[in-house]
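Source file: protein.cif. Holds: mmCIF, C-alpha atoms.
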```cif
data_final
loop_
_atom_site.label_atom_id
_atom_site.label_comp_id
_atom_site.auth_asym_id
_atom_site.auth_seq_id
_atom_site.Cartn_x
_atom_site.Cartn_y
_atom_site.Cartn_z
CA MET A 1 -3.99 14.67 -20.64
CA THR A 2 -5.83 16.23 -23.56
CA ILE A 3 -8.52 14.08 -25.13
CA LEU A 4 -9.04 14.74 -28.82
CA ILE A 5 -12.64 14.46 -30.03
CA TRP A 6 -12.68 14.01 -33.80
CA GLY A 7 -16.14 15.12 -34.87
CA ALA A 8 -17.91 17.81 -32.82
CA GLY A 9 -21.44 17.15 -34.02
CA ALA A 10 -24.36 15.57 -32.17
CA ILE A 11 -22.42 12.80 -30.45
CA GLY A 12 -18.99 14.37 -30.06
CA GLY A 13 -20.31 17.82 -29.15
CA THR A 14 -22.62 16.51 -26.44
CA LEU A 15 -20.07 14.15 -24.95
CA GLY A 16 -17.26 16.69 -25.10
CA ALA A 17 -19.28 19.47 -23.50
CA TYR A 18 -20.04 17.33 -20.46
CA LEU A 19 -16.43 16.21 -20.15
CA ILE A 20 -15.20 19.81 -20.27
CA ARG A 21 -17.71 20.73 -17.58
CA SER A 22 -16.36 17.86 -15.47
CA GLY A 23 -12.83 19.22 -15.72
CA HIS A 24 -11.36 17.19 -18.58
CA ASP A 25 -9.05 18.81 -21.12
CA ILE A 26 -10.90 18.40 -24.43
CA HIS A 27 -10.01 19.63 -27.91
CA PHE A 28 -12.46 19.22 -30.80
CA VAL A 29 -11.69 18.60 -34.46
CA ASP A 30 -14.39 19.14 -37.08
CA VAL A 31 -14.57 19.68 -40.85
CA VAL A 32 -17.33 22.33 -40.68
CA GLU A 33 -15.55 25.68 -40.67
CA GLU A 34 -18.49 27.65 -39.24
CA HIS A 35 -18.85 25.17 -36.37
CA VAL A 36 -15.15 25.34 -35.51
CA ALA A 37 -15.20 29.14 -35.67
CA ALA A 38 -18.31 29.33 -33.47
CA ILE A 39 -16.80 27.03 -30.83
CA ASN A 40 -13.58 29.05 -30.71
CA SER A 41 -15.32 32.43 -30.57
CA ALA A 42 -18.43 31.81 -28.48
CA GLY A 43 -17.95 28.33 -27.01
CA LEU A 44 -20.27 25.33 -27.19
CA THR A 45 -23.93 25.44 -26.16
CA ILE A 46 -26.03 22.44 -25.13
CA THR A 47 -29.82 22.88 -25.27
CA GLY A 48 -32.80 20.63 -24.64
CA PRO A 49 -34.71 19.00 -21.81
CA VAL A 50 -31.76 17.12 -20.30
CA ASP A 51 -29.61 20.17 -19.63
CA GLU A 52 -28.89 23.67 -20.86
CA PHE A 53 -25.47 25.28 -20.55
CA SER A 54 -22.70 27.00 -22.47
CA LEU A 55 -18.96 26.77 -21.93
CA GLU A 56 -15.67 27.77 -23.47
CA ALA A 57 -14.09 25.21 -25.78
CA SER A 58 -11.36 24.91 -28.39
CA ALA A 59 -11.61 23.39 -31.85
CA SER A 60 -9.56 22.97 -35.01
CA LEU A 61 -10.02 21.99 -38.61
CA PRO A 62 -8.18 18.72 -39.41
CA ALA A 63 -5.43 20.59 -41.26
CA ASP A 64 -4.68 22.67 -38.16
CA VAL A 65 -4.27 19.86 -35.61
CA ARG A 66 -0.88 19.63 -33.91
CA GLY A 67 0.65 17.26 -31.39
CA GLN A 68 0.21 13.67 -30.23
CA PHE A 69 -2.71 12.36 -28.22
CA GLU A 70 -3.07 9.22 -26.14
CA THR A 71 -6.86 9.17 -26.41
CA ILE A 72 -8.91 10.09 -29.48
CA LEU A 73 -12.69 9.72 -29.54
CA LEU A 74 -13.89 9.26 -33.12
CA CYS A 75 -17.41 10.70 -33.36
CA THR A 76 -18.00 11.14 -37.10
CA LYS A 77 -20.78 9.71 -39.24
CA SER A 78 -20.17 6.10 -40.29
CA GLN A 79 -19.52 6.96 -43.92
CA HIS A 80 -16.58 9.17 -42.90
CA THR A 81 -14.86 6.58 -40.69
CA ARG A 82 -12.09 5.51 -43.07
CA GLU A 83 -11.23 9.06 -44.14
CA ALA A 84 -11.30 10.32 -40.55
CA THR A 85 -9.18 7.45 -39.20
CA LEU A 86 -6.52 8.04 -41.85
CA ALA A 87 -6.57 11.75 -41.02
CA LEU A 88 -6.24 11.30 -37.26
CA ALA A 89 -3.66 8.49 -37.34
CA PRO A 90 -0.61 10.83 -37.46
CA PHE A 91 -1.78 12.47 -34.22
CA LEU A 92 -2.22 9.23 -32.29
CA ALA A 93 0.58 8.56 -29.80
CA ASP A 94 2.49 5.28 -30.11
CA GLU A 95 0.77 3.87 -27.03
CA GLY A 96 -2.48 5.68 -27.74
CA PHE A 97 -5.89 4.37 -28.78
CA VAL A 98 -9.01 5.42 -30.65
CA VAL A 99 -12.51 4.91 -29.22
CA SER A 100 -15.23 4.63 -31.85
CA VAL A 101 -18.21 6.58 -30.50
CA GLN A 102 -20.38 6.11 -33.58
CA ASN A 103 -23.20 4.16 -35.15
CA GLY A 104 -22.30 0.99 -36.99
CA LEU A 105 -19.50 -1.58 -36.85
CA ASN A 106 -16.83 1.03 -37.50
CA GLU A 107 -14.42 -0.51 -35.01
CA LEU A 108 -13.60 -3.07 -37.71
CA ILE A 109 -12.60 -0.32 -40.16
CA ILE A 110 -10.54 1.50 -37.52
CA ARG A 111 -8.87 -1.77 -36.49
CA ASP A 112 -7.78 -2.49 -40.05
CA ILE A 113 -6.13 0.94 -40.32
CA ILE A 114 -4.41 1.46 -36.95
CA GLY A 115 -4.46 -2.06 -35.45
CA ALA A 116 -6.70 -3.94 -33.03
CA GLU A 117 -4.46 -3.09 -30.07
CA ARG A 118 -5.13 0.62 -30.63
CA THR A 119 -8.90 0.31 -31.11
CA VAL A 120 -11.60 0.42 -28.42
CA GLY A 121 -15.31 -0.02 -29.12
CA SER A 122 -18.33 1.72 -27.68
CA PHE A 123 -22.09 1.67 -28.00
CA ILE A 124 -24.21 4.76 -27.46
CA ASN A 125 -27.96 5.31 -27.65
CA PHE A 126 -28.42 8.84 -26.30
CA SER A 127 -30.25 11.23 -28.62
CA ALA A 128 -28.73 14.47 -29.86
CA ASP A 129 -28.77 16.70 -32.94
CA TYR A 130 -26.45 19.31 -34.40
CA HIS A 131 -28.71 22.36 -34.65
CA ALA A 132 -26.40 25.23 -35.60
CA PRO A 133 -22.72 26.20 -35.42
CA GLY A 134 -21.75 25.94 -31.78
CA GLU A 135 -25.15 24.53 -30.71
CA ILE A 136 -26.17 20.93 -29.99
CA LEU A 137 -29.59 19.67 -28.87
CA PHE A 138 -29.32 16.97 -26.22
CA GLY A 139 -32.68 15.26 -26.61
CA GLY A 140 -32.52 12.40 -24.14
CA ARG A 141 -30.27 9.95 -22.35
CA GLY A 142 -29.74 6.38 -23.46
CA ALA A 143 -27.36 3.48 -22.98
CA VAL A 144 -23.60 4.15 -22.97
CA VAL A 145 -21.33 1.08 -23.07
CA ILE A 146 -17.60 0.66 -23.72
CA GLY A 147 -15.55 -2.47 -24.39
CA GLU A 148 -12.30 -3.85 -25.80
CA LEU A 149 -12.65 -5.75 -29.07
CA ASP A 150 -11.14 -8.87 -27.46
CA GLY A 151 -13.43 -8.66 -24.43
CA VAL A 152 -10.66 -7.98 -21.90
CA ILE A 153 -11.43 -5.57 -19.05
CA SER A 154 -8.17 -3.68 -19.44
CA GLU A 155 -6.69 -0.83 -17.41
CA ARG A 156 -7.33 1.65 -20.23
CA LEU A 157 -10.93 0.45 -20.49
CA GLN A 158 -11.43 1.11 -16.80
CA ARG A 159 -9.93 4.59 -17.19
CA MET A 160 -12.22 5.38 -20.12
CA HIS A 161 -15.20 3.99 -18.23
CA ALA A 162 -14.48 6.40 -15.37
CA ILE A 163 -14.27 9.27 -17.87
CA LEU A 164 -17.53 8.32 -19.55
CA ARG A 165 -19.24 8.22 -16.17
CA ASP A 166 -18.60 11.96 -16.00
CA PHE A 167 -20.99 12.14 -18.95
CA ASP A 168 -23.44 9.47 -17.78
CA GLU A 169 -23.13 7.90 -14.34
CA ASN A 170 -24.82 4.76 -15.70
CA ALA A 171 -22.17 4.11 -18.37
CA GLN A 172 -21.13 0.46 -18.41
CA MET A 173 -18.16 -1.73 -19.35
CA THR A 174 -18.71 -4.96 -21.27
CA GLY A 175 -16.82 -8.02 -22.43
CA ASN A 176 -19.02 -8.23 -25.54
CA ILE A 177 -19.05 -4.83 -27.23
CA LEU A 178 -19.80 -6.46 -30.58
CA GLY A 179 -22.99 -7.86 -29.09
CA TYR A 180 -24.18 -4.34 -28.31
CA LEU A 181 -23.12 -3.05 -31.72
CA TRP A 182 -25.04 -5.79 -33.53
CA GLY A 183 -28.07 -5.06 -31.35
CA LYS A 184 -27.84 -1.41 -32.40
CA GLU A 185 -27.56 -2.47 -36.06
CA ALA A 186 -30.86 -4.35 -35.72
CA TYR A 187 -32.56 -1.43 -33.98
CA GLY A 188 -31.01 0.93 -36.53
CA ALA A 189 -32.63 -1.04 -39.35
CA MET A 190 -36.01 -0.17 -37.87
CA LEU A 191 -35.00 3.50 -37.64
CA PHE A 192 -34.00 3.51 -41.30
CA VAL A 193 -37.38 2.05 -42.24
CA SER A 194 -39.15 4.68 -40.13
CA ALA A 195 -37.15 7.41 -41.92
CA LEU A 196 -38.84 6.41 -45.19
CA THR A 197 -41.83 8.28 -43.69
CA HIS A 198 -42.36 11.48 -41.72
CA GLN A 199 -43.60 9.66 -38.62
CA SER A 200 -41.70 10.19 -35.39
CA ILE A 201 -39.79 7.21 -33.99
CA ALA A 202 -42.41 6.70 -31.26
CA GLU A 203 -45.29 6.93 -33.78
CA ALA A 204 -43.62 4.53 -36.18
CA LEU A 205 -42.91 1.83 -33.59
CA ALA A 206 -46.44 2.14 -32.19
CA ASP A 207 -48.12 1.82 -35.61
CA HIS A 208 -49.54 -1.71 -35.75
CA ARG A 209 -50.11 -1.48 -39.51
CA TYR A 210 -46.37 -1.79 -40.09
CA ARG A 211 -45.09 -3.65 -37.05
CA ARG A 212 -44.37 -6.85 -38.93
CA LEU A 213 -42.29 -4.83 -41.37
CA TYR A 214 -40.22 -3.26 -38.59
CA VAL A 215 -39.80 -6.62 -36.90
CA ARG A 216 -38.65 -8.28 -40.12
CA ALA A 217 -36.12 -5.48 -40.72
CA ALA A 218 -34.57 -6.15 -37.30
CA GLN A 219 -34.81 -9.92 -37.70
CA GLU A 220 -32.72 -9.99 -40.88
CA VAL A 221 -29.85 -8.36 -39.00
CA LEU A 222 -30.27 -10.49 -35.88
CA GLN A 223 -30.48 -13.74 -37.85
CA LEU A 224 -27.23 -12.85 -39.60
CA ALA A 225 -25.56 -12.14 -36.25
CA ASP A 226 -26.84 -15.48 -34.97
CA ARG A 227 -25.40 -17.31 -37.98
CA LEU A 228 -22.06 -15.58 -37.33
CA GLY A 229 -22.10 -16.79 -33.72
CA ILE A 230 -22.64 -13.32 -32.23
CA GLU A 231 -25.08 -12.81 -29.37
CA ALA A 232 -26.78 -9.45 -29.89
CA TYR A 233 -27.51 -7.52 -26.71
CA GLY A 234 -30.55 -5.38 -25.96
CA PHE A 235 -30.95 -1.89 -24.55
CA ASN A 236 -33.59 0.73 -23.65
CA GLY A 237 -36.50 -1.64 -24.31
CA PHE A 238 -35.09 -3.44 -27.35
CA GLU A 239 -34.84 -7.19 -26.71
CA PRO A 240 -33.05 -9.09 -29.55
CA LYS A 241 -33.88 -12.54 -28.15
CA VAL A 242 -37.58 -11.70 -28.31
CA PHE A 243 -37.24 -10.61 -31.94
CA LEU A 244 -35.63 -13.92 -32.85
CA ALA A 245 -38.66 -15.79 -31.47
CA GLU A 246 -42.08 -16.18 -33.04
CA TYR A 247 -44.06 -13.00 -33.72
CA GLY A 248 -46.24 -12.50 -30.66
CA ASP A 249 -46.79 -10.72 -27.36
CA GLY A 250 -43.10 -10.49 -26.49
CA ILE A 251 -42.33 -8.53 -29.63
CA HIS A 252 -45.29 -6.19 -29.08
CA GLU A 253 -44.13 -5.56 -25.51
CA SER A 254 -40.62 -4.75 -26.70
CA LEU A 255 -41.89 -2.37 -29.38
CA ASP A 256 -44.23 -0.72 -26.87
CA ALA A 257 -41.26 -0.21 -24.55
CA LEU A 258 -39.16 1.25 -27.38
CA SER A 259 -41.97 3.58 -28.36
CA ALA A 260 -42.39 4.72 -24.75
CA PHE A 261 -38.63 5.29 -24.41
CA ASN A 262 -38.57 7.46 -27.54
CA LYS A 263 -41.57 9.49 -26.38
CA LEU A 264 -39.39 10.75 -23.54
CA SER A 265 -36.86 12.30 -25.92
CA ALA A 266 -37.02 15.83 -27.29
CA LYS A 267 -35.42 14.39 -30.41
CA THR A 268 -38.60 13.04 -31.96
CA HIS A 269 -37.12 11.83 -35.25
CA SER A 270 -33.94 9.92 -36.00
CA GLY A 271 -30.77 11.47 -37.31
CA ILE A 272 -31.47 9.50 -40.49
CA TRP A 273 -34.76 11.32 -40.97
CA ARG A 274 -33.07 14.65 -40.25
CA ASP A 275 -30.35 13.95 -42.84
CA LEU A 276 -33.03 13.25 -45.45
CA ALA A 277 -35.75 15.77 -44.59
CA VAL A 278 -33.81 18.71 -43.15
CA ARG A 279 -30.15 18.61 -44.06
CA LYS A 280 -30.70 17.03 -47.50
CA ARG A 281 -27.54 14.94 -47.35
CA GLU A 282 -26.41 11.33 -47.42
CA THR A 283 -27.33 9.13 -44.47
CA GLU A 284 -25.26 6.44 -42.74
CA VAL A 285 -26.88 3.73 -44.86
CA VAL A 286 -23.42 2.59 -45.97
CA MET A 287 -22.92 1.02 -42.55
CA TYR A 288 -25.14 -1.86 -43.69
CA GLU A 289 -22.99 -2.72 -46.70
CA PRO A 290 -20.53 -4.80 -44.62
CA LEU A 291 -23.48 -6.78 -43.28
CA LEU A 292 -24.67 -7.56 -46.79
CA ALA A 293 -21.15 -8.67 -47.69
CA GLN A 294 -20.96 -10.98 -44.66
CA ALA A 295 -24.40 -12.36 -45.45
CA ALA A 296 -23.45 -13.07 -49.07
CA ALA A 297 -20.26 -14.83 -47.94
CA ILE A 298 -22.23 -17.38 -45.90
CA GLY A 299 -25.24 -17.64 -48.20
CA VAL A 300 -27.73 -15.62 -46.11
CA GLU A 301 -30.37 -13.62 -47.98
CA MET A 302 -31.38 -10.18 -46.71
CA PRO A 303 -33.98 -9.05 -49.26
CA LEU A 304 -35.83 -6.54 -47.07
CA THR A 305 -32.56 -4.92 -46.03
CA ARG A 306 -31.62 -4.47 -49.67
CA GLY A 307 -35.10 -3.09 -50.35
CA TRP A 308 -35.14 -0.37 -47.70
CA MET A 309 -31.52 0.52 -48.42
CA GLY A 310 -32.45 1.10 -52.05
CA MET A 311 -35.35 3.34 -51.04
CA ILE A 312 -33.13 5.39 -48.71
CA ARG A 313 -30.67 5.98 -51.53
CA GLU A 314 -33.50 7.00 -53.86
CA ILE A 315 -34.61 9.61 -51.31
CA GLU A 316 -31.02 10.82 -51.00
CA ASP A 317 -30.92 11.22 -54.79
CA GLY A 318 -34.25 13.05 -54.91
CA ALA A 319 -35.93 10.22 -56.82
CA ARG A 320 -38.37 9.26 -54.03
CA GLU A 321 -40.35 11.14 -51.37
CA GLN A 322 -40.61 10.27 -47.69
CA ARG A 323 -44.14 8.94 -47.19
CA LEU A 324 -46.07 6.05 -45.66
CA ALA A 325 -46.69 4.59 -49.11
CA ASN A 326 -43.05 3.49 -49.09
CA LEU A 327 -43.86 1.09 -46.26
CA ASP A 328 -46.85 -0.27 -48.15
CA GLU A 329 -44.56 -0.91 -51.09
CA LEU A 330 -42.07 -2.77 -48.87
CA LYS A 331 -44.85 -4.84 -47.30
CA ALA A 332 -46.17 -5.88 -50.70
CA ALA A 333 -42.72 -6.86 -51.94
CA TYR A 334 -41.14 -8.56 -48.93
CA LEU A 335 -43.78 -9.75 -46.45
#
```

In C-alpha cells, write the structure found in this file.
Amino acid sequence: MTILIWGAGAIGGTLGAYLIRSGHDIHFVDVVEEHVAAINSAGLTITGPVDEFSLEASASLPADVRGQFETILLCTKSQHTREATLALAPFLADEGFVVSVQNGLNELIIRDIIGAERTVGSFINFSADYHAPGEILFGGRGAVVIGELDGVISERLQRMHAILRDFDENAQMTGNILGYLWGKEAYGAMLFVSALTHQSIAEALADHRYRRLYVRAAQEVLQLADRLGIEAYGFNGFEPKVFLAEYGDGIHESLDALSAFNKLSAKTHSGIWRDLAVRKRETEVVMYEPLLAQAAAIGVEMPLTRGWMGMIREIEDGAREQRLANLDELKAAYL
C-alpha cells in the first residue's frame, strides 16, 4: 500500500523519510518544483542532532499525481489546508482517509470537504525545518498522537498508530484528539508572541519580564476551550490545567519545563519566526481565525489574541519589525 504524503516540507519530509527507511511505500506531493526535482534526482536528506541520513524517494507536483490512495497524510501549512484538501480529494480511494498532520484545527476544514468518516486527526510537536530542496533539519523529538474525531479506537486508527511508531516508538492513540489540538493552539499562541521578537523559544519562555504576557496568550485560548466544553491536554511540559489556575508557582514550573524542553532542540526558533525572519512569507496565523469566530459566537472576548495577530500580520506586510518592544506594547495595552 502506497501512502501519499501531501506536503514534503518540515513535517511531511521528516515523517516520510523515516517511514521509507522503515520499509513503507511513500510518495510525496509538493508544490515547490525545486524540492520535487531534488527529491527525484538526489533523494531526501535528513540532518540534525536526532539523525542524519539520505535515501531515495519519489515526489510529484500536484498536477502530476495519478492513481487512488487509501491513506493520505496532509502535511501542509494551515493556510493551505482547504486548497490542498480539494486538490487531493480526487486521489482518495472510496474507503480511504486523510490524516491531518499539521498545526491548527484543520481536521474541521478537511471534514467539511471530504466527510468526517474519511478524516483522522493527529497532534505533533516534534521540531523540524525545511532547509533547502531535498533537505530537512530534524531538530528534536516531541509528542506524536493520533485519534479519530469521534474518539473511537478504530481498526484504521490502530493501523496508523503502528505506522507512526516506525517514526516514533512513543507515538500514542487517544480518544480525545481535539483536546490535544486545543492544547497545541494554546501553546502555539505563546510561540506566535515569541515570534514578535528575535528571542529563541527557550529564551522567550524563560524571560520573566514577559511571562504574564505569554501566560495570558495561552489562557485566552484555554478559557475558550473550557467554555466550549473541551478539555485541553498537555504535552512536553505544557500543562493546560495549571494555566487555567491562578498565576503562581505551577505556571512558572510549567514554563521552566517548556523552556528546558526547547533547549534540547537544534531548532531554536519556531517555524513562525522562520517564516517572518528568514523566508519572508505569511505565517499560519490564519489558524486562529476560527477560534475568534467561535469566541464571538458565544460572547467571549479575546483582546490579546487579536492584538498579537495584528502585529504578526504587520510584520508579514513589512510594516513592523520583530523586536522586544512589541511585547512591551502588548503588555501596556492588554495586561

Query raised in the report: Which is closer to A:Ser54 than all the others in A:Thr14, A:Gln322, A:Thr81, A:Gln223, using only C-alpha atoms?
Result: A:Thr14

Query raised in the report: For A:Gly104, which of A:Ala59, A:Ala162, A:Met287, A:Ala277 is the closest residue, counting all atoms listed in the file?
Result: A:Met287

Can you give me, as an mmCIF file with C-alpha atoms, in the coordinates of the input, the residues this file yields under the PyMOL selection byres ((chain A and resi 107) around 9)?
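Final file, part.cif:
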```cif
data_model
loop_
_atom_site.group_PDB
_atom_site.id
_atom_site.type_symbol
_atom_site.label_atom_id
_atom_site.label_comp_id
_atom_site.auth_asym_id
_atom_site.auth_seq_id
_atom_site.Cartn_x
_atom_site.Cartn_y
_atom_site.Cartn_z
ATOM 1 C CA VAL A 99 -12.510 4.910 -29.220
ATOM 2 C CA SER A 100 -15.230 4.630 -31.850
ATOM 3 C CA GLY A 104 -22.300 0.990 -36.990
ATOM 4 C CA LEU A 105 -19.500 -1.580 -36.850
ATOM 5 C CA ASN A 106 -16.830 1.030 -37.500
ATOM 6 C CA LEU A 108 -13.600 -3.070 -37.710
ATOM 7 C CA ILE A 109 -12.600 -0.320 -40.160
ATOM 8 C CA ILE A 110 -10.540 1.500 -37.520
ATOM 9 C CA ARG A 111 -8.870 -1.770 -36.490
ATOM 10 C CA ASP A 112 -7.780 -2.490 -40.050
ATOM 11 C CA ALA A 116 -6.700 -3.940 -33.030
ATOM 12 C CA THR A 119 -8.900 0.310 -31.110
ATOM 13 C CA VAL A 120 -11.600 0.420 -28.420
ATOM 14 C CA GLY A 121 -15.310 -0.020 -29.120
ATOM 15 C CA SER A 122 -18.330 1.720 -27.680
ATOM 16 C CA LEU A 149 -12.650 -5.750 -29.070
#
```

Query raised in the report: Looking at A:Tyr288, A:Phe53, A:Tyr233, A:Phe28, which one is nearest to A:Leu88, with distances taken over all atoms listed in the file?
Result: A:Phe28

Requested in this report: Name the residues that the PyMOL selection byres ((chain A and resi 170) around 12) picks from the file above, as a PyMOL selection string, using the file's chain letters and numbers.
Outcome: chain A and resi 124+126+141-146+161-169+171-173

Those selected residues, please, written with C-alpha atoms and delivered as a CSV table (one decimal), keeping the file's coordinate frame.
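And here's result-v3.csv as it stands now:
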```csv
chain,number,residue,atom,x,y,z
A,124,ILE,CA,-24.2,4.8,-27.5
A,126,PHE,CA,-28.4,8.8,-26.3
A,141,ARG,CA,-30.3,10.0,-22.4
A,142,GLY,CA,-29.7,6.4,-23.5
A,143,ALA,CA,-27.4,3.5,-23.0
A,144,VAL,CA,-23.6,4.2,-23.0
A,145,VAL,CA,-21.3,1.1,-23.1
A,146,ILE,CA,-17.6,0.7,-23.7
A,161,HIS,CA,-15.2,4.0,-18.2
A,162,ALA,CA,-14.5,6.4,-15.4
A,163,ILE,CA,-14.3,9.3,-17.9
A,164,LEU,CA,-17.5,8.3,-19.6
A,165,ARG,CA,-19.2,8.2,-16.2
A,166,ASP,CA,-18.6,12.0,-16.0
A,167,PHE,CA,-21.0,12.1,-19.0
A,168,ASP,CA,-23.4,9.5,-17.8
A,169,GLU,CA,-23.1,7.9,-14.3
A,171,ALA,CA,-22.2,4.1,-18.4
A,172,GLN,CA,-21.1,0.5,-18.4
A,173,MET,CA,-18.2,-1.7,-19.4
```

Report task. I need the residue set behind the PyMOL selection byres ((chain A and resi 301-309) around 10) for this file; please write it as a ChimeraX atom specification. Result -> /A:189-190,192-196,213,216-221,223-224,285-286,288-289,291-292,295-296,298-300,310-314,326-327,329-331,333-335

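If you measure from each of A:Asp129, A:Glu239, A:Glu246, A:Glu203 to A:Ala10 using all atoms listed in the file, the closest one turns out to be A:Asp129.
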
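Closest approach to A:Phe235 from the set A:Asn262, A:Ser58, A:Thr197, A:Asn125 is made by A:Asn125, with distances taken over only C-alpha atoms.
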
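Reported to one decimal place, the separation of atom CA of A:Glu34 from atom CA of A:Arg66 is 20.1 Å.
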
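Counting only C-alpha atoms, the residue from A:Asp328, A:Gly237, A:Thr268, A:Pro90 that sits nearest to A:Lys184 is A:Gly237.
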
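Pairwise distance (atom CA of A:Thr71, atom CA of A:Gly183) equals 26.0 Å.
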
Report summary line: Students should find that atom CA of A:Phe138 and atom CA of A:Gly48 are spaced 5.3 Å

Report task. Please identify all polymer residues within 7 Å of stretch 152-154 of chain A, counting only C-alpha atoms, omitting same-chain residues fewer than 4 positions from it, and present them as a VMD selection string. Result -> chain A and resid 148 158 175

Query raised in the report: Leaving out A:Lys263 and any residue of its chain fewer than 3 positions from it, which residues lie within 9 Å of it when counting all atoms listed in the file, given as JSON, numbers by chain?
Result: {"A": [201, 202, 203, 258, 259, 260, 266, 267, 268]}

Just need the box for stretch 251-265 of chain A, edges along x, y and z, holding every atom the file lists for it with 5 Å tacked onto each side, so centre and edge lengths in Å to one decimal, as AutoDock Vina command-line options.
```
--center_x -41.1 --center_y 1.9 --center_z -26.6 --size_x 18.4 --size_y 30.8 --size_z 16.1
```

I'd like the contact shell of A:Val31 - 8 Å cut-off, only C-alpha atoms, skipping same-chain residues fewer than 4 positions apart - returned as a CSV table (one decimal) with C-alpha atoms, keeping the file's coordinate frame.
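selection-v2.csv, freshly written:
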```
chain,number,residue,atom,x,y,z
A,7,GLY,CA,-16.1,15.1,-34.9
A,36,VAL,CA,-15.2,25.3,-35.5
A,61,LEU,CA,-10.0,22.0,-38.6
A,62,PRO,CA,-8.2,18.7,-39.4
```

Report task. Find the residues near A:Gly234: any atom within 12 Å, counting all atoms listed in the file, skip ones fewer than 6 places away on the same chain, and give them as an NGL selection string. Result -> :A and (123 or 125 or 143 or 145 or 176-187 or 222 or 240-243 or 254 or 257-258)

Take the residues from that selection and write them out as a short mmCIF file (atom, residue, chain, number, x, y, z; two decimals), in the coordinates of the input, keeping C-alpha atoms.
```cif
data_model
loop_
_atom_site.label_atom_id
_atom_site.label_comp_id
_atom_site.auth_asym_id
_atom_site.auth_seq_id
_atom_site.Cartn_x
_atom_site.Cartn_y
_atom_site.Cartn_z
CA PHE A 123 -22.09 1.67 -28.00
CA ASN A 125 -27.96 5.31 -27.65
CA ALA A 143 -27.36 3.48 -22.98
CA VAL A 145 -21.33 1.08 -23.07
CA ASN A 176 -19.02 -8.23 -25.54
CA ILE A 177 -19.05 -4.83 -27.23
CA LEU A 178 -19.80 -6.46 -30.58
CA GLY A 179 -22.99 -7.86 -29.09
CA TYR A 180 -24.18 -4.34 -28.31
CA LEU A 181 -23.12 -3.05 -31.72
CA TRP A 182 -25.04 -5.79 -33.53
CA GLY A 183 -28.07 -5.06 -31.35
CA LYS A 184 -27.84 -1.41 -32.40
CA GLU A 185 -27.56 -2.47 -36.06
CA ALA A 186 -30.86 -4.35 -35.72
CA TYR A 187 -32.56 -1.43 -33.98
CA LEU A 222 -30.27 -10.49 -35.88
CA PRO A 240 -33.05 -9.09 -29.55
CA LYS A 241 -33.88 -12.54 -28.15
CA VAL A 242 -37.58 -11.70 -28.31
CA PHE A 243 -37.24 -10.61 -31.94
CA SER A 254 -40.62 -4.75 -26.70
CA ALA A 257 -41.26 -0.21 -24.55
CA LEU A 258 -39.16 1.25 -27.38
#
```

Report task. Quick one: everything within 7 Å of A:Gln102, counting only C-alpha atoms, minus sequence neighbours fewer than 4 positions away in the same chain. Send it as a PyMOL selection string. Result -> chain A and resi 75-78
